[in-house]
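Novice: For reference, the structure I am asking about is given below.
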Amino acid sequence: MTHQARKRFGQNFLHDPAIIERIVQAIRPQPGQRLVEIGPGKGAITLPLLAACGRLEVIELDRDLVQPLADRAQGIGELVIHQQDALRFDFAALAGDGRVRTVGNLPYNISTPLLFHLIAQSDSIQDMHFMLQQEVVDRMAATPGNRDYGRLSIMIQYHCRVEPLFGVGPGAFQPAPRVHSAFVRLTPWQQPPVSVRDTDCLATLVRQAFSQRRKTLRNTLKGLLSEQDILATGTDPTARPETIPLEQYAALADRLAEHKQGE
Ligand code: SAM
């Protein structure tokens, strides 16, 4: 039976052999490495990865894809299929004392929550190679002053090095998505260039700062930090959130953490 691509599962299957080859080359899978693929679909990148590693774990939500995938993997290597929602998957439990490499042509409809789910477990992840909407990769890699710079840029860059690798046009997929895509490498920092006392404070602060991009920090951060607090970190309270670098957000988050501790 042929499988109809399901929109609700964000199914756009890769069918361009040159792009699949570029993806595998960028990942450089080695025998014995612990790779986990999110959303293997019909196996476009799964099978070459399995051939290179000998063993692969995959997380696929669509149960109709599971048996065909298991059949295709026969004779290539050991494929462990978790028929599960990647948004609920416990990567830390899978990694145990070690760390896993995660890869995937992600379902675009859940890419942002999935990225947040992954960075929350980044201690258990060696690296991540993902196909995403070009627009999401632009936001992840954006620097202060850029119109794409925002919550996603800051939270991802706090946890990982971001390397956009190459763009991919809609024609590489079946069905073709409406948007352009890009392949990106995220490498969780071993030694973070910026650290905060409490990442929850950073998350709270950044969410609130960007809730109204056009306002000044003094206004958006009302209720969390006073103008004096902002000044005490060496930050201009009349600056707009999209101009503030990560280091400055870290200083503001530490100020917030101090207040929370004093409560
Ligand atoms: N890797 C395949 C390829 O490149 O052709 C398929 C990629 S397709 C963009 C996304 C895949 O993620 C689909 O197979 C879809 O069923 C699966 N998927 C969607 N939501 C998921 C979820 N919450 N957890 C795990 N897999 C999911």
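Chain identifiers are assigned as A, B, and so on, following the order in which chains appear in the structure tokens; residues are numbered from 1 within each chain, and ligands are numbered from 1 in order of appearance.
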Using only C-alpha atoms and all ligand atoms, determine which residues fall within 7 Å of ligand 1, then list them as a list in words.

Specialist: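 Using only C-alpha atoms and all ligand atoms, everything at most 7 Å from ligand 1 comes to Phe9, Gly10, Gln11, Asn12, Phe13, Leu14, His15, Ile38, Gly39, Pro40, Gly41, Lys42, Gly43, Ala44, Ile45, Ile59, Glu60, Leu61, Asp62, Gln84, Asp85, Ala86, Leu87, Gly104, Asn105, Leu106, Pro107 and Tyr108 of chain A.
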
Novice: Let's have the selection written as a CSV table (one decimal), in the first residue's frame, with N, CA and C atoms.

Specialist:
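This is the output file again_0.csv:
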```csv
chain,number,residue,atom,x,y,z
A,9,PHE,N,1.4,15.7,10.1
A,9,PHE,CA,2.7,15.2,10.6
A,9,PHE,C,3.9,15.9,10.0
A,10,GLY,N,3.6,17.0,9.2
A,10,GLY,CA,4.6,17.8,8.6
A,10,GLY,C,5.5,16.9,7.6
A,11,GLN,N,4.8,16.1,6.9
A,11,GLN,CA,5.5,15.1,6.0
A,11,GLN,C,5.9,15.7,4.7
A,12,ASN,N,7.1,15.9,4.5
A,12,ASN,CA,7.7,16.3,3.2
A,12,ASN,C,8.9,15.4,3.0
A,13,PHE,N,8.8,14.4,2.2
A,13,PHE,CA,9.9,13.4,2.1
A,13,PHE,C,11.0,13.8,1.1
A,14,LEU,N,12.2,13.7,1.5
A,14,LEU,CA,13.3,14.0,0.7
A,14,LEU,C,13.5,13.0,-0.4
A,15,HIS,N,13.7,13.5,-1.6
A,15,HIS,CA,13.9,12.5,-2.7
A,15,HIS,C,15.0,12.9,-3.7
A,38,ILE,N,15.2,11.9,14.2
A,38,ILE,CA,13.8,12.3,14.5
A,38,ILE,C,13.1,12.3,13.2
A,39,GLY,N,11.9,11.6,13.1
A,39,GLY,CA,11.1,11.6,11.9
A,39,GLY,C,11.8,11.0,10.7
A,40,PRO,N,12.0,9.7,10.8
A,40,PRO,CA,12.7,9.0,9.6
A,40,PRO,C,11.9,8.9,8.4
A,41,GLY,N,10.5,8.9,8.5
A,41,GLY,CA,9.6,8.9,7.4
A,41,GLY,C,9.8,7.6,6.6
A,42,LYS,N,10.1,7.7,5.3
A,42,LYS,CA,10.3,6.5,4.5
A,42,LYS,C,11.8,6.1,4.5
A,43,GLY,N,12.6,6.8,5.2
A,43,GLY,CA,14.0,6.3,5.3
A,43,GLY,C,15.0,7.0,4.4
A,44,ALA,N,14.7,8.1,3.8
A,44,ALA,CA,15.6,8.8,2.9
A,44,ALA,C,17.0,8.9,3.5
A,45,ILE,N,17.1,9.4,4.7
A,45,ILE,CA,18.5,9.6,5.3
A,45,ILE,C,18.8,8.4,6.3
A,59,ILE,N,12.9,7.9,15.9
A,59,ILE,CA,11.6,8.3,16.6
A,59,ILE,C,10.6,8.7,15.5
A,60,GLU,N,9.6,8.0,15.4
A,60,GLU,CA,8.6,8.3,14.3
A,60,GLU,C,7.2,8.2,14.9
A,61,LEU,N,6.4,9.3,14.7
A,61,LEU,CA,5.1,9.3,15.3
A,61,LEU,C,4.0,8.6,14.4
A,62,ASP,N,4.2,8.6,13.1
A,62,ASP,CA,3.2,8.0,12.2
A,62,ASP,C,3.4,6.4,12.2
A,84,GLN,N,6.8,7.1,18.7
A,84,GLN,CA,6.6,8.0,19.7
A,84,GLN,C,6.6,9.4,19.3
A,85,ASP,N,6.1,10.3,20.1
A,85,ASP,CA,6.2,11.8,19.8
A,85,ASP,C,7.5,12.3,20.2
A,86,ALA,N,8.3,12.8,19.3
A,86,ALA,CA,9.6,13.4,19.6
A,86,ALA,C,9.6,14.5,20.7
A,87,LEU,N,8.4,15.2,20.7
A,87,LEU,CA,8.3,16.3,21.7
A,87,LEU,C,8.2,15.8,23.1
A,104,GLY,N,17.9,14.9,11.8
A,104,GLY,CA,16.5,14.8,11.2
A,104,GLY,C,16.1,15.9,10.2
A,105,ASN,N,15.3,15.5,9.3
A,105,ASN,CA,14.6,16.4,8.5
A,105,ASN,C,13.3,16.6,9.2
A,106,LEU,N,13.2,17.7,10.0
A,106,LEU,CA,12.2,17.8,11.1
A,106,LEU,C,10.8,18.2,10.5
A,107,PRO,N,9.8,17.7,11.2
A,107,PRO,CA,8.4,18.2,10.8
A,107,PRO,C,8.4,19.7,11.2
A,108,TYR,N,8.2,20.5,10.1
A,108,TYR,CA,8.3,22.0,10.3
A,108,TYR,C,7.2,22.5,11.2
```

Novice: If you count only C-alpha atoms, which residues fall within 8 Å of Leu252 of chain A, apart from same-chain ones fewer than 2 positions away, as a PyMOL selection string?

Specialist: chain A and resi 202+205+229-230+233+248-250+254-256

Novice: Using DSSP on the backbone coordinates, identify all residues within segment 188-230 of chain A classified as alpha helix (DSSP H); present the result as a list in words.

Specialist: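 Here are the alpha helix (DSSP H) residues of segment 188-230 of chain A: Thr199, Asp200, Cys201, Leu202, Ala203, Thr204, Leu205, Val206, Arg207, Gln208, Ala209, Leu217, Arg218, Asn219, Thr220, Glu227, Gln228, Asp229 and Ile230 of chain A.
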
Novice: Please provide the set of residues having any atom within 8 Å of Leu132 of chain A, restricted to only C-alpha atoms, with same-chain residues fewer than 4 positions apart removed, written as a PyMOL selection string.

Specialist: chain A and resi 105-106+108+111+136-137+181-184

Novice: Using only C-alpha atoms, which protein or nucleic acid residues come within 10 Å of Ala141 of chain A? Drop anything in the same chain fewer than 2 positions from it, and give the result as a list of chain:residue names.

Specialist: A:Val136, A:Val137, A:Asp138, A:Arg139, A:Thr143, A:Asp148, A:Tyr149, A:Leu152, A:Ser153, A:Ile154, A:Ile156, A:Gln157, A:Arg161, A:Val162, A:Glu163, A:Pro164, A:Val184

Novice: Mind writing the picked residues with N, CA, C and O atoms as a PDB file, in the first residue's frame?

Specialist:
```pdb
ATOM      1  N   VAL A 136      13.606  29.718   9.999  1.00  0.00           N
ATOM      2  CA  VAL A 136      13.936  29.319  11.379  1.00  0.00           C
ATOM      3  C   VAL A 136      15.459  29.315  11.570  1.00  0.00           C
ATOM      4  O   VAL A 136      15.975  29.774  12.598  1.00  0.00           O
ATOM      5  N   VAL A 137      16.178  28.838  10.558  1.00  0.00           N
ATOM      6  CA  VAL A 137      17.646  28.833  10.646  1.00  0.00           C
ATOM      7  C   VAL A 137      18.163  30.276  10.698  1.00  0.00           C
ATOM      8  O   VAL A 137      19.068  30.600  11.476  1.00  0.00           O
ATOM      9  N   ASP A 138      17.553  31.160   9.917  1.00  0.00           N
ATOM     10  CA  ASP A 138      17.952  32.583   9.956  1.00  0.00           C
ATOM     11  C   ASP A 138      17.739  33.152  11.364  1.00  0.00           C
ATOM     12  O   ASP A 138      18.581  33.895  11.866  1.00  0.00           O
ATOM     13  N   ARG A 139      16.622  32.771  11.978  1.00  0.00           N
ATOM     14  CA  ARG A 139      16.366  33.295  13.337  1.00  0.00           C
ATOM     15  C   ARG A 139      17.350  32.705  14.350  1.00  0.00           C
ATOM     16  O   ARG A 139      17.814  33.401  15.244  1.00  0.00           O
ATOM     17  N   THR A 143      22.150  37.792  14.678  1.00  0.00           N
ATOM     18  CA  THR A 143      22.921  38.539  15.675  1.00  0.00           C
ATOM     19  C   THR A 143      22.185  39.844  16.013  1.00  0.00           C
ATOM     20  O   THR A 143      21.296  40.264  15.260  1.00  0.00           O
ATOM     21  N   ASP A 148      15.848  39.414  12.316  1.00  0.00           N
ATOM     22  CA  ASP A 148      15.496  38.038  12.693  1.00  0.00           C
ATOM     23  C   ASP A 148      15.910  37.703  14.131  1.00  0.00           C
ATOM     24  O   ASP A 148      15.612  36.617  14.626  1.00  0.00           O
ATOM     25  N   TYR A 149      16.650  38.626  14.762  1.00  0.00           N
ATOM     26  CA  TYR A 149      17.180  38.364  16.110  1.00  0.00           C
ATOM     27  C   TYR A 149      16.042  38.408  17.135  1.00  0.00           C
ATOM     28  O   TYR A 149      15.249  39.351  17.159  1.00  0.00           O
ATOM     29  N   LEU A 152      14.396  32.997  19.888  1.00  0.00           N
ATOM     30  CA  LEU A 152      15.003  31.750  19.410  1.00  0.00           C
ATOM     31  C   LEU A 152      16.523  31.910  19.259  1.00  0.00           C
ATOM     32  O   LEU A 152      17.286  31.035  19.666  1.00  0.00           O
ATOM     33  N   SER A 153      16.972  33.056  18.696  1.00  0.00           N
ATOM     34  CA  SER A 153      18.420  33.298  18.532  1.00  0.00           C
ATOM     35  C   SER A 153      19.118  33.193  19.886  1.00  0.00           C
ATOM     36  O   SER A 153      20.143  32.513  20.029  1.00  0.00           O
ATOM     37  N   ILE A 154      18.579  33.890  20.867  1.00  0.00           N
ATOM     38  CA  ILE A 154      19.263  33.987  22.161  1.00  0.00           C
ATOM     39  C   ILE A 154      19.274  32.642  22.892  1.00  0.00           C
ATOM     40  O   ILE A 154      20.317  32.198  23.381  1.00  0.00           O
ATOM     41  N   ILE A 156      18.859  29.567  21.675  1.00  0.00           N
ATOM     42  CA  ILE A 156      19.666  28.543  20.984  1.00  0.00           C
ATOM     43  C   ILE A 156      21.155  28.864  21.138  1.00  0.00           C
ATOM     44  O   ILE A 156      21.961  27.999  21.453  1.00  0.00           O
ATOM     45  N   GLN A 157      21.525  30.129  20.927  1.00  0.00           N
ATOM     46  CA  GLN A 157      22.958  30.496  20.985  1.00  0.00           C
ATOM     47  C   GLN A 157      23.504  30.384  22.410  1.00  0.00           C
ATOM     48  O   GLN A 157      24.706  30.193  22.595  1.00  0.00           O
ATOM     49  N   ARG A 161      26.556  26.211  19.619  1.00  0.00           N
ATOM     50  CA  ARG A 161      27.143  26.887  18.452  1.00  0.00           C
ATOM     51  C   ARG A 161      26.203  26.598  17.270  1.00  0.00           C
ATOM     52  O   ARG A 161      25.777  25.459  17.092  1.00  0.00           O
ATOM     53  N   VAL A 162      25.900  27.621  16.487  1.00  0.00           N
ATOM     54  CA  VAL A 162      24.966  27.463  15.363  1.00  0.00           C
ATOM     55  C   VAL A 162      25.738  27.607  14.053  1.00  0.00           C
ATOM     56  O   VAL A 162      26.376  28.629  13.822  1.00  0.00           O
ATOM     57  N   GLU A 163      25.690  26.592  13.200  1.00  0.00           N
ATOM     58  CA  GLU A 163      26.359  26.667  11.886  1.00  0.00           C
ATOM     59  C   GLU A 163      25.376  26.347  10.764  1.00  0.00           C
ATOM     60  O   GLU A 163      25.097  25.168  10.497  1.00  0.00           O
ATOM     61  N   PRO A 164      24.844  27.366  10.098  1.00  0.00           N
ATOM     62  CA  PRO A 164      24.013  27.081   8.927  1.00  0.00           C
ATOM     63  C   PRO A 164      24.909  26.465   7.853  1.00  0.00           C
ATOM     64  O   PRO A 164      26.009  26.980   7.601  1.00  0.00           O
ATOM     65  N   VAL A 184      21.267  22.711   9.070  1.00  0.00           N
ATOM     66  CA  VAL A 184      22.036  23.421  10.100  1.00  0.00           C
ATOM     67  C   VAL A 184      22.664  22.429  11.081  1.00  0.00           C
ATOM     68  O   VAL A 184      22.107  21.362  11.328  1.00  0.00           O
TER      69      VAL A 184
END
```

Novice: Rounded to one decimal, what separation in Å do you get between atom CA of Ser226 of chain A and atom CA of Thr199 of chain A?

Specialist: 20.0 Å

Novice: Out of A:Leu79, A:Val179, A:Leu246, A:Ala26, which residue has the shortest atom-to-atom distance to Ala142 of chain A when counting only C-alpha atoms?

Specialist: A:Leu246

Novice: Check the smallest atom-to-atom distance from each of A:Asp200, A:Glu37, A:Glu263, A:Glu135 to Leu49 of chain A using only C-alpha atoms, then report the winner.

Specialist: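 Answer, going by the shortest atom-to-atom distance: A:Glu37.
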
Novice: List every residue of segment 18-229 of chain A that DSSP, applied to the backbone of this structure, assigns to strand (DSSP E), and report them as a count of residues only.

Specialist: 48
